[in-house]
>>> print(open('entry.cif').read())   # mmCIF, C-alpha atoms and all ligand atoms
data_input
loop_
_atom_site.label_atom_id
_atom_site.label_comp_id
_atom_site.auth_asym_id
_atom_site.auth_seq_id
_atom_site.Cartn_x
_atom_site.Cartn_y
_atom_site.Cartn_z
CA MET A 217 18.37 -2.66 -20.46
CA THR A 218 18.71 -6.35 -21.15
CA THR A 219 15.57 -8.08 -22.29
CA HIS A 220 14.79 -11.14 -20.25
CA ASP A 221 11.82 -13.50 -20.01
CA THR A 222 10.62 -11.33 -17.14
CA THR A 223 9.58 -8.15 -19.00
CA GLY A 224 5.94 -7.42 -18.14
CA LYS A 225 5.87 -10.34 -15.68
CA VAL A 226 6.18 -10.88 -11.96
CA LEU A 227 8.96 -13.28 -11.06
CA THR A 228 8.01 -15.82 -8.36
CA VAL A 229 10.02 -18.68 -6.87
CA LEU A 230 8.17 -20.98 -9.30
CA GLY A 231 8.97 -18.76 -12.31
CA PRO A 232 7.50 -15.75 -14.13
CA VAL A 233 3.72 -15.22 -13.81
CA ASP A 234 1.15 -12.89 -15.31
CA PRO A 235 0.81 -9.88 -12.95
CA HIS A 236 -2.98 -10.32 -12.95
CA ASP A 237 -2.54 -13.71 -11.25
CA LEU A 238 -1.16 -12.22 -8.02
CA GLY A 239 -4.37 -11.28 -6.20
CA VAL A 240 -4.12 -9.82 -2.70
CA THR A 241 -0.42 -9.20 -2.10
CA ILE A 242 1.51 -8.37 1.06
CA THR A 243 4.81 -6.86 0.04
CA HIS A 244 7.20 -7.35 2.96
CA GLU A 245 7.20 -10.58 4.95
CA HIS A 246 9.60 -13.24 6.16
CA LEU A 247 8.23 -16.77 5.86
CA LEU A 248 11.59 -17.98 7.12
CA ILE A 249 14.21 -15.89 8.86
CA ASP A 250 17.08 -15.84 11.34
CA LEU A 251 17.09 -12.36 12.83
CA SER A 252 19.50 -13.20 15.67
CA ILE A 253 21.64 -10.17 14.75
CA VAL A 254 19.17 -7.87 16.54
CA PHE A 255 19.22 -9.84 19.82
CA VAL A 256 19.72 -7.66 22.90
CA GLU A 257 20.68 -9.27 26.21
CA PRO A 258 18.37 -8.03 29.00
CA ASP A 259 20.16 -6.31 31.89
CA ASP A 260 18.16 -7.95 34.67
CA GLU A 261 18.31 -11.51 35.95
CA GLU A 262 14.66 -12.35 35.25
CA GLY A 263 15.03 -11.00 31.70
CA ARG A 264 18.18 -13.03 31.09
CA ARG A 265 16.29 -16.18 32.09
CA LEU A 266 13.32 -15.35 29.84
CA ALA A 267 15.71 -14.55 26.98
CA GLU A 268 16.78 -18.20 26.79
CA GLU A 269 13.31 -19.80 27.05
CA PRO A 270 11.52 -21.19 24.00
CA VAL A 271 8.50 -19.11 22.95
CA GLY A 272 5.41 -20.33 24.79
CA ILE A 273 2.16 -19.21 26.37
CA GLY A 274 3.91 -18.67 29.72
CA ASN A 275 6.29 -16.01 28.38
CA LEU A 276 4.30 -14.58 25.47
CA GLY A 277 3.26 -11.45 27.38
CA TRP A 278 6.91 -10.64 28.17
CA ILE A 279 8.01 -11.44 24.61
CA ARG A 280 5.38 -9.12 23.12
CA THR A 281 7.14 -6.15 24.71
CA ASN A 282 10.67 -7.58 24.60
CA TRP A 283 10.50 -9.39 21.28
CA SER A 284 14.13 -8.76 20.30
CA SER A 285 15.39 -10.08 23.65
CA ASN A 286 14.27 -13.70 23.27
CA ARG A 287 16.62 -15.83 21.16
CA ASP A 288 14.09 -18.43 20.09
CA ASN A 289 11.64 -15.72 19.00
CA LEU A 290 14.12 -14.40 16.42
CA VAL A 291 14.52 -17.67 14.51
CA GLN A 292 11.71 -19.09 12.35
CA THR A 293 13.17 -21.74 10.06
CA ASP A 294 10.38 -24.34 10.31
CA ILE A 295 8.97 -24.98 6.81
CA ASP A 296 5.80 -26.68 8.12
CA VAL A 297 5.00 -23.73 10.37
CA ALA A 298 5.55 -21.29 7.48
CA THR A 299 3.38 -23.40 5.17
CA ARG A 300 0.49 -23.48 7.63
CA GLU A 301 0.73 -19.72 8.22
CA ALA A 302 0.83 -19.08 4.46
CA ALA A 303 -2.18 -21.36 3.96
CA ARG A 304 -4.16 -19.25 6.45
CA PHE A 305 -3.28 -16.17 4.40
CA LYS A 306 -4.64 -17.95 1.33
CA ALA A 307 -7.80 -19.02 3.18
CA ALA A 308 -8.38 -15.33 4.06
CA GLY A 309 -8.27 -14.40 0.37
CA GLY A 310 -4.51 -13.87 0.02
CA GLY A 311 -2.67 -14.56 -3.22
CA THR A 312 0.98 -13.48 -3.00
CA ILE A 313 3.62 -12.99 -0.33
CA VAL A 314 6.81 -11.03 -1.01
CA ASP A 315 9.48 -12.69 1.13
CA ALA A 316 11.94 -9.87 1.80
CA THR A 317 14.55 -12.09 3.43
CA SER A 318 17.84 -11.02 1.86
CA ILE A 319 21.39 -12.33 2.24
CA GLY A 320 22.51 -12.31 5.88
CA ILE A 321 19.22 -13.30 7.52
CA ASP A 322 18.97 -16.86 6.20
CA ARG A 323 17.34 -16.64 2.78
CA ASN A 324 16.30 -20.17 1.72
CA PRO A 325 15.21 -20.49 -1.95
CA LYS A 326 14.36 -24.22 -1.94
CA ALA A 327 12.25 -23.91 1.19
CA LEU A 328 10.37 -20.91 -0.24
CA ALA A 329 9.56 -22.89 -3.40
CA GLU A 330 8.35 -25.79 -1.25
CA ILE A 331 6.13 -23.46 0.84
CA SER A 332 4.74 -21.82 -2.31
CA ARG A 333 3.74 -25.20 -3.77
CA ALA A 334 2.37 -26.64 -0.52
CA ALA A 335 0.34 -23.55 0.46
CA GLY A 336 -0.79 -22.72 -3.08
CA ILE A 337 0.32 -19.09 -2.99
CA HIS A 338 2.76 -17.07 -5.07
CA VAL A 339 6.02 -16.21 -3.30
CA VAL A 340 8.40 -13.52 -4.57
CA MET A 341 11.92 -13.96 -3.17
CA GLY A 342 14.37 -11.21 -2.23
CA ALA A 343 17.99 -10.55 -3.21
CA GLY A 344 20.86 -8.33 -2.13
CA TYR A 345 22.16 -7.68 1.36
CA TYR A 346 20.56 -6.83 4.70
CA VAL A 347 22.07 -4.27 7.16
CA GLY A 348 25.80 -4.00 7.90
CA PRO A 349 25.89 -6.30 10.96
CA ALA A 350 24.59 -9.10 8.68
CA HIS A 351 27.17 -8.54 5.91
CA PRO A 352 29.73 -11.31 5.28
CA ASP A 353 33.34 -10.70 6.44
CA ASP A 354 34.66 -9.92 2.95
CA PHE A 355 32.00 -7.31 2.14
CA SER A 356 34.27 -4.28 2.70
CA SER A 357 36.76 -5.51 0.11
CA ARG A 358 34.21 -6.45 -2.54
CA PRO A 359 33.81 -4.08 -5.49
CA VAL A 360 30.31 -2.82 -6.33
CA ASP A 361 30.41 -4.69 -9.65
CA SER A 362 30.78 -8.08 -8.01
CA ILE A 363 27.77 -7.44 -5.76
CA THR A 364 25.75 -6.22 -8.76
CA ALA A 365 26.69 -9.34 -10.72
CA GLU A 366 25.63 -11.56 -7.82
CA ILE A 367 22.20 -9.88 -7.60
CA VAL A 368 21.72 -10.05 -11.39
CA ARG A 369 22.58 -13.76 -11.33
CA ASP A 370 20.02 -14.41 -8.57
CA ILE A 371 17.36 -12.78 -10.76
CA VAL A 372 18.34 -14.08 -14.18
CA THR A 373 19.49 -17.65 -13.49
CA GLY A 374 18.68 -18.27 -9.83
CA VAL A 375 20.43 -18.55 -6.47
CA GLY A 376 23.45 -20.88 -6.57
CA ASP A 377 22.51 -24.04 -8.48
CA THR A 378 18.85 -24.06 -7.35
CA GLY A 379 17.43 -22.41 -10.48
CA ILE A 380 15.13 -20.51 -8.08
CA ARG A 381 15.08 -16.83 -8.99
CA SER A 382 14.69 -13.64 -6.99
CA GLY A 383 11.79 -11.43 -8.11
CA ILE A 384 12.70 -8.38 -6.04
CA ILE A 385 15.97 -6.85 -4.85
CA GLY A 386 15.73 -6.48 -1.09
CA GLU A 387 15.23 -5.89 1.59
CA VAL A 388 18.45 -3.94 1.09
CA GLY A 389 19.47 -2.88 4.58
CA CYS A 390 20.60 0.57 5.67
CA SER A 391 21.44 1.73 9.21
CA TRP A 392 21.45 5.19 10.76
CA PRO A 393 23.92 6.70 10.34
CA TRP A 394 24.21 5.13 6.90
CA THR A 395 27.52 3.27 6.45
CA ASP A 396 29.78 3.18 3.39
CA ASN A 397 29.27 -0.55 2.98
CA GLU A 398 25.50 -0.10 3.05
CA LYS A 399 25.75 2.67 0.42
CA LYS A 400 27.78 0.29 -1.72
CA SER A 401 25.08 -2.35 -1.21
CA VAL A 402 22.35 0.07 -2.37
CA ALA A 403 24.47 1.23 -5.34
CA ALA A 404 24.89 -2.41 -6.42
CA ALA A 405 21.17 -3.04 -5.97
CA VAL A 406 20.28 -0.03 -8.13
CA ALA A 407 22.74 -1.12 -10.83
CA ALA A 408 21.14 -4.58 -10.78
CA GLN A 409 17.70 -2.98 -11.07
CA CYS A 410 18.85 -1.01 -14.13
CA GLU A 411 20.18 -4.19 -15.72
CA THR A 412 17.22 -6.47 -14.98
CA GLY A 413 14.15 -4.21 -14.63
CA ALA A 414 13.49 -5.75 -11.20
CA PRO A 415 11.66 -4.05 -8.35
CA LEU A 416 13.73 -2.82 -5.40
CA LEU A 417 12.87 -2.79 -1.68
CA ILE A 418 14.83 -0.66 0.80
CA HIS A 419 15.07 -1.00 4.60
CA PRO A 420 15.94 2.52 5.80
CA GLY A 421 17.87 3.40 8.97
CA ARG A 422 15.96 4.45 12.07
CA ASP A 423 15.63 8.18 11.52
CA GLN A 424 12.91 10.29 9.93
CA LYS A 425 15.48 11.74 7.50
CA ALA A 426 16.84 8.35 6.38
CA PRO A 427 14.21 7.46 3.73
CA ILE A 428 14.57 10.74 1.81
CA GLU A 429 18.37 10.61 1.95
CA ILE A 430 18.21 7.13 0.39
CA VAL A 431 15.70 8.20 -2.29
CA LYS A 432 18.04 11.00 -3.40
CA PHE A 433 20.92 8.51 -3.58
CA ILE A 434 18.83 6.06 -5.66
CA GLU A 435 17.86 8.88 -8.05
CA ARG A 436 21.52 9.90 -8.47
CA GLU A 437 22.43 6.26 -9.21
CA GLY A 438 19.75 6.09 -11.92
CA GLY A 439 17.24 3.84 -10.10
CA ASP A 440 13.59 3.48 -11.12
CA LEU A 441 11.41 4.90 -8.33
CA ASN A 442 8.33 3.52 -10.10
CA ARG A 443 9.58 0.10 -9.07
CA THR A 444 11.13 0.98 -5.72
CA VAL A 445 9.62 0.58 -2.26
CA MET A 446 10.61 2.35 0.96
CA SER A 447 9.91 -0.12 3.77
CA HIS A 448 8.96 0.55 7.39
CA VAL A 449 7.62 4.06 6.77
CA ASP A 450 5.04 3.54 9.55
CA ILE A 451 7.84 3.07 12.10
CA ARG A 452 10.24 5.65 10.69
CA ILE A 453 8.28 8.78 9.79
CA TYR A 454 5.93 10.40 12.30
CA GLU A 455 5.58 13.93 10.91
CA ARG A 456 3.09 14.44 8.12
CA GLU A 457 5.28 17.02 6.34
CA ILE A 458 8.19 14.57 6.05
CA LEU A 459 5.78 11.85 4.94
CA ARG A 460 4.43 14.15 2.22
CA GLU A 461 7.97 15.00 1.10
CA LEU A 462 8.78 11.30 0.75
CA ALA A 463 5.49 10.53 -1.06
CA ALA A 464 6.11 13.40 -3.49
CA THR A 465 9.29 11.67 -4.73
CA GLY A 466 7.11 8.99 -6.38
CA ILE A 467 8.59 6.05 -4.49
CA TYR A 468 6.24 3.39 -3.12
CA ILE A 469 5.60 3.92 0.59
CA GLU A 470 5.27 0.73 2.57
CA TYR A 471 3.16 0.49 5.71
CA ASP A 472 4.54 -2.86 6.66
CA THR A 473 4.32 -3.50 10.37
CA PHE A 474 0.57 -4.05 10.70
CA GLY A 475 -0.08 -6.06 13.85
CA LEU A 476 3.08 -4.91 15.65
CA GLU A 477 1.99 -2.46 18.30
CA SER A 478 4.82 -2.64 20.83
CA PRO A 479 6.72 0.65 20.96
CA PHE A 480 10.36 0.92 22.06
CA PRO A 481 11.60 -2.67 21.46
CA PRO A 482 14.97 -3.49 23.10
CA HIS A 483 17.00 -3.30 19.86
CA ALA A 484 15.45 0.08 18.90
CA PRO A 485 14.48 1.77 22.15
CA ASP A 486 13.77 5.11 20.46
CA THR A 487 11.47 3.63 17.82
CA TYR A 488 7.84 4.44 18.37
CA MET A 489 5.53 1.83 16.85
CA PRO A 490 2.05 3.09 16.08
CA SER A 491 -1.11 1.10 16.63
CA ASP A 492 -3.04 -0.34 13.69
CA TYR A 493 -5.65 2.38 14.32
CA GLN A 494 -2.97 5.06 13.87
CA ARG A 495 -1.63 3.33 10.75
CA ILE A 496 -5.09 3.39 9.18
CA GLU A 497 -5.53 7.07 10.06
CA GLN A 498 -2.15 7.87 8.45
CA LEU A 499 -3.11 5.90 5.34
CA ILE A 500 -6.32 7.89 5.07
CA GLY A 501 -4.19 11.06 5.28
CA LEU A 502 -1.95 9.82 2.45
CA ILE A 503 -5.02 9.04 0.34
CA GLU A 504 -6.42 12.53 1.02
CA ASP A 505 -3.07 13.95 -0.14
CA GLY A 506 -3.40 12.06 -3.44
CA TYR A 507 -1.05 9.14 -2.86
CA LEU A 508 -3.47 6.18 -2.94
CA GLU A 509 -1.56 4.63 -5.84
CA ARG A 510 1.80 4.82 -4.07
CA VAL A 511 1.19 2.80 -0.92
CA VAL A 512 1.68 -0.93 -0.30
CA LEU A 513 0.99 -2.95 2.86
CA ALA A 514 2.46 -5.81 4.91
CA HIS A 515 3.12 -7.13 8.42
CA ASP A 516 6.90 -7.67 8.20
CA ASN A 517 6.46 -10.89 10.18
CA CYS A 518 10.01 -11.62 11.34
CA THR A 519 9.54 -13.32 14.72
CA LYS A 520 7.74 -16.38 16.03
CA HIS A 521 5.45 -14.47 18.38
CA ARG A 522 3.63 -12.81 15.49
CA LEU A 523 2.59 -16.14 13.95
CA ARG A 524 -0.78 -17.71 14.69
CA VAL A 525 0.73 -20.97 15.93
CA PHE A 526 2.57 -18.99 18.63
CA GLY A 527 -0.40 -16.82 19.61
CA GLY A 528 0.13 -14.00 17.12
CA HIS A 529 -1.83 -12.41 14.28
CA GLY A 530 -0.30 -14.36 11.39
CA PHE A 531 0.09 -13.40 7.72
CA ASP A 532 -3.68 -13.01 7.35
CA HIS A 533 -4.12 -10.13 9.82
CA ILE A 534 -4.49 -7.60 6.98
CA PRO A 535 -7.12 -9.47 4.92
CA SER A 536 -8.86 -10.97 8.00
CA THR A 537 -8.98 -7.92 10.27
CA ILE A 538 -7.36 -4.73 8.97
CA THR A 539 -9.50 -4.42 5.83
CA GLY A 540 -12.63 -4.51 8.02
CA TRP A 541 -11.20 -1.78 10.25
CA MET A 542 -10.31 0.26 7.14
CA LYS A 543 -13.93 0.13 5.99
CA ARG A 544 -15.14 1.07 9.45
CA GLN A 545 -12.89 4.17 9.25
CA GLY A 546 -14.38 5.14 5.90
CA MET A 547 -12.17 3.53 3.27
CA SER A 548 -13.88 1.97 0.25
CA GLN A 549 -13.41 -1.53 -1.16
CA ALA A 550 -12.00 0.08 -4.31
CA GLN A 551 -9.32 1.89 -2.26
CA ILE A 552 -8.47 -1.31 -0.40
CA ASP A 553 -8.16 -3.21 -3.71
CA THR A 554 -5.81 -0.51 -4.98
CA LEU A 555 -3.58 -0.91 -1.90
CA LEU A 556 -3.60 -4.71 -1.81
CA ILE A 557 -3.95 -5.74 -5.46
CA GLU A 558 -3.25 -3.01 -8.01
CA ASN A 559 -0.30 -1.24 -6.38
CA PRO A 560 1.70 -4.42 -5.62
CA ARG A 561 0.95 -5.74 -9.12
CA ARG A 562 2.29 -2.54 -10.73
CA MET A 563 5.30 -2.35 -8.41
CA LEU A 564 6.32 -6.01 -8.85
CA THR A 565 6.06 -6.09 -12.65
CA PHE A 566 9.49 -6.15 -14.34
CA ALA A 567 10.39 -3.41 -16.82
ZN ZN B 1 13.37 -4.40 7.35
#
>>> encode(input="entry.cif", output="structure tokens", more="lines below")
Ligand SMILES: [Zn+2]
Amino acid sequence: MTTHDTTGKVLTVLGPVDPHDLGVTITHEHLLIDLSIVFVEPDDEEGRRLAEEPVGIGNLGWIRTNWSSNRDNLVQTDIDVATREAARFKAAGGGTIVDATSIGIDRNPKALAEISRAAGIHVVMGAGYYVGPAHPDDFSSRPVDSITAEIVRDIVTGVGDTGIRSGIIGEVGCSWPWTDNEKKSVAAAVAAQCETGAPLLIHPGRDQKAPIEIVKFIEREGGDLNRTVMSHVDIRIYEREILRELAATGIYIEYDTFGLESPFPPHAPDTYMPSDYQRIEQLIGLIEDGYLERVVLAHDNCTKHRLRVFGGHGFDHIPSTITGWMKRQGMSQAQIDTLLIENPRRMLTFA
């Protein structure tokens, strides 16, 4: 392993920081994103009309259940909006946002640094490549080594000539079935993790078996599961036995769609999204099974309709609302601090 200025630190868009400075941390968000690749054209005339409307109070009810079928909803590139939403997270006691926007969904280093400064929160920026449909045209012909080198550069010297550095590799996108290009992308990400000591964040394909298949692959490639997060577990794994099997691998399990309660969205009609109540009950089950120190939390805000300015729950839903519900269901403040402060701090600290 190369020794960099990051060993024992967390790497934010404003540079390395002491891990104890992070505070309450949500580990999978998108302050800015263009998720147009998931757009699904509705098959009825009314839907096709609503698909082209800007997000507003008059169509919000429809968008809540058809959120991947409204074009405007899938693009949030307004820095002022992101700054205000991040400031509300801070006002609710938040300290750090991991922005998991990777290459292919409009990662914007300069804007993230601007938001971090203006809102007064730490932002950790992603690296690597999102799912296959977002890969650039030349991806199939690129050797693993060149992708690894690109990720390492983003971490060690910064993206392009910005000097702004990625502090996590991800979200690295995988589909179901898992494609060869996406396996190459994960292999490159793991190699970059080995070289830099960076944390790694995986977006698994939509199947209960996908997360464990990817964990086995990461282990074979020599990845560090102590610094690796499996995203979207709350909307991938529904059977407790499979959840236990994943937790037993030692990877960090991310419950990262708090606030999103619409099942069967147009782009993933077989995906069942639990309610926040169900998420909390599953978390309590994981804690009972001994995995308190292996779970991290987020909202995965990736559309306009989930932001406060558009009538949504914002980035502060977890500290403002969910933690209160957790206590009501019997969780202690110490357990909540482990999930929101200690686990992200440990996971984000470079080797
Ligand atoms: Zn994802």
>>> closest_residue(input="entry.cif", among="A:Thr223, A:Thr378, A:Ser362, A:Thr373", to="A:Ala327", atoms="all atoms listed in the file")
A:Thr378
>>> residues_near_ligand(input="entry.cif", ligand="ligand ZN 1 (chain B)", cutoff="7 Å", atoms="all atoms listed in the file", output="ChimeraX atom specification")
/A:387,389,419,447-448
>>> atom_distance(input="entry.cif", atom1="atom CA of A:Phe433", atom2="atom CA of A:Leu462")
13.2 Å
>>> residues_around(input="entry.cif", residues="stretch 286-298 of chain A", least_positions_apart="3", cutoff="7 Å", atoms="only C-alpha atoms", output="list of chain:residue names")
A:Leu247, A:Leu248, A:Ile249, A:Asp250, A:Leu251, A:Ser252, A:Phe255, A:Leu266, A:Ala267, A:Glu268, A:Pro270, A:Val271, A:Ile279, A:Trp283, A:Glu301, A:Ala302, A:Ala327, A:Ile331, A:Thr519, A:Lys520, A:His521
>>> atom_distance(input="entry.cif", atom1="atom CA of A:Phe305", atom2="atom CA of A:Leu564")
19.3 Å
>>> atom_distance(input="entry.cif", atom1="atom CA of A:Ala426", atom2="atom CA of A:Ile552")
27.9 Å
>>> closest_residue(input="entry.cif", among="A:Arg456, A:His236, A:His533, A:Lys432", to="A:Gln498", atoms="all atoms listed in the file")
A:Arg456
>>> closest_residue(input="entry.cif", among="A:Pro352, A:Gly263, A:Gly546, A:Gly475", to="A:Asn397", atoms="only C-alpha atoms")
A:Pro352
>>> closest_residue(input="entry.cif", among="A:Ser478, A:Gly239, A:Gln494, A:Leu499", to="A:Ala463", atoms="only C-alpha atoms")
A:Leu499
>>> residues_around(input="entry.cif", residues="A:Leu328", least_positions_apart="3", cutoff="9 Å", atoms="all atoms listed in the file", output="ChimeraX atom specification")
/A:229,247-248,295,315,323-325,331-333,339-341
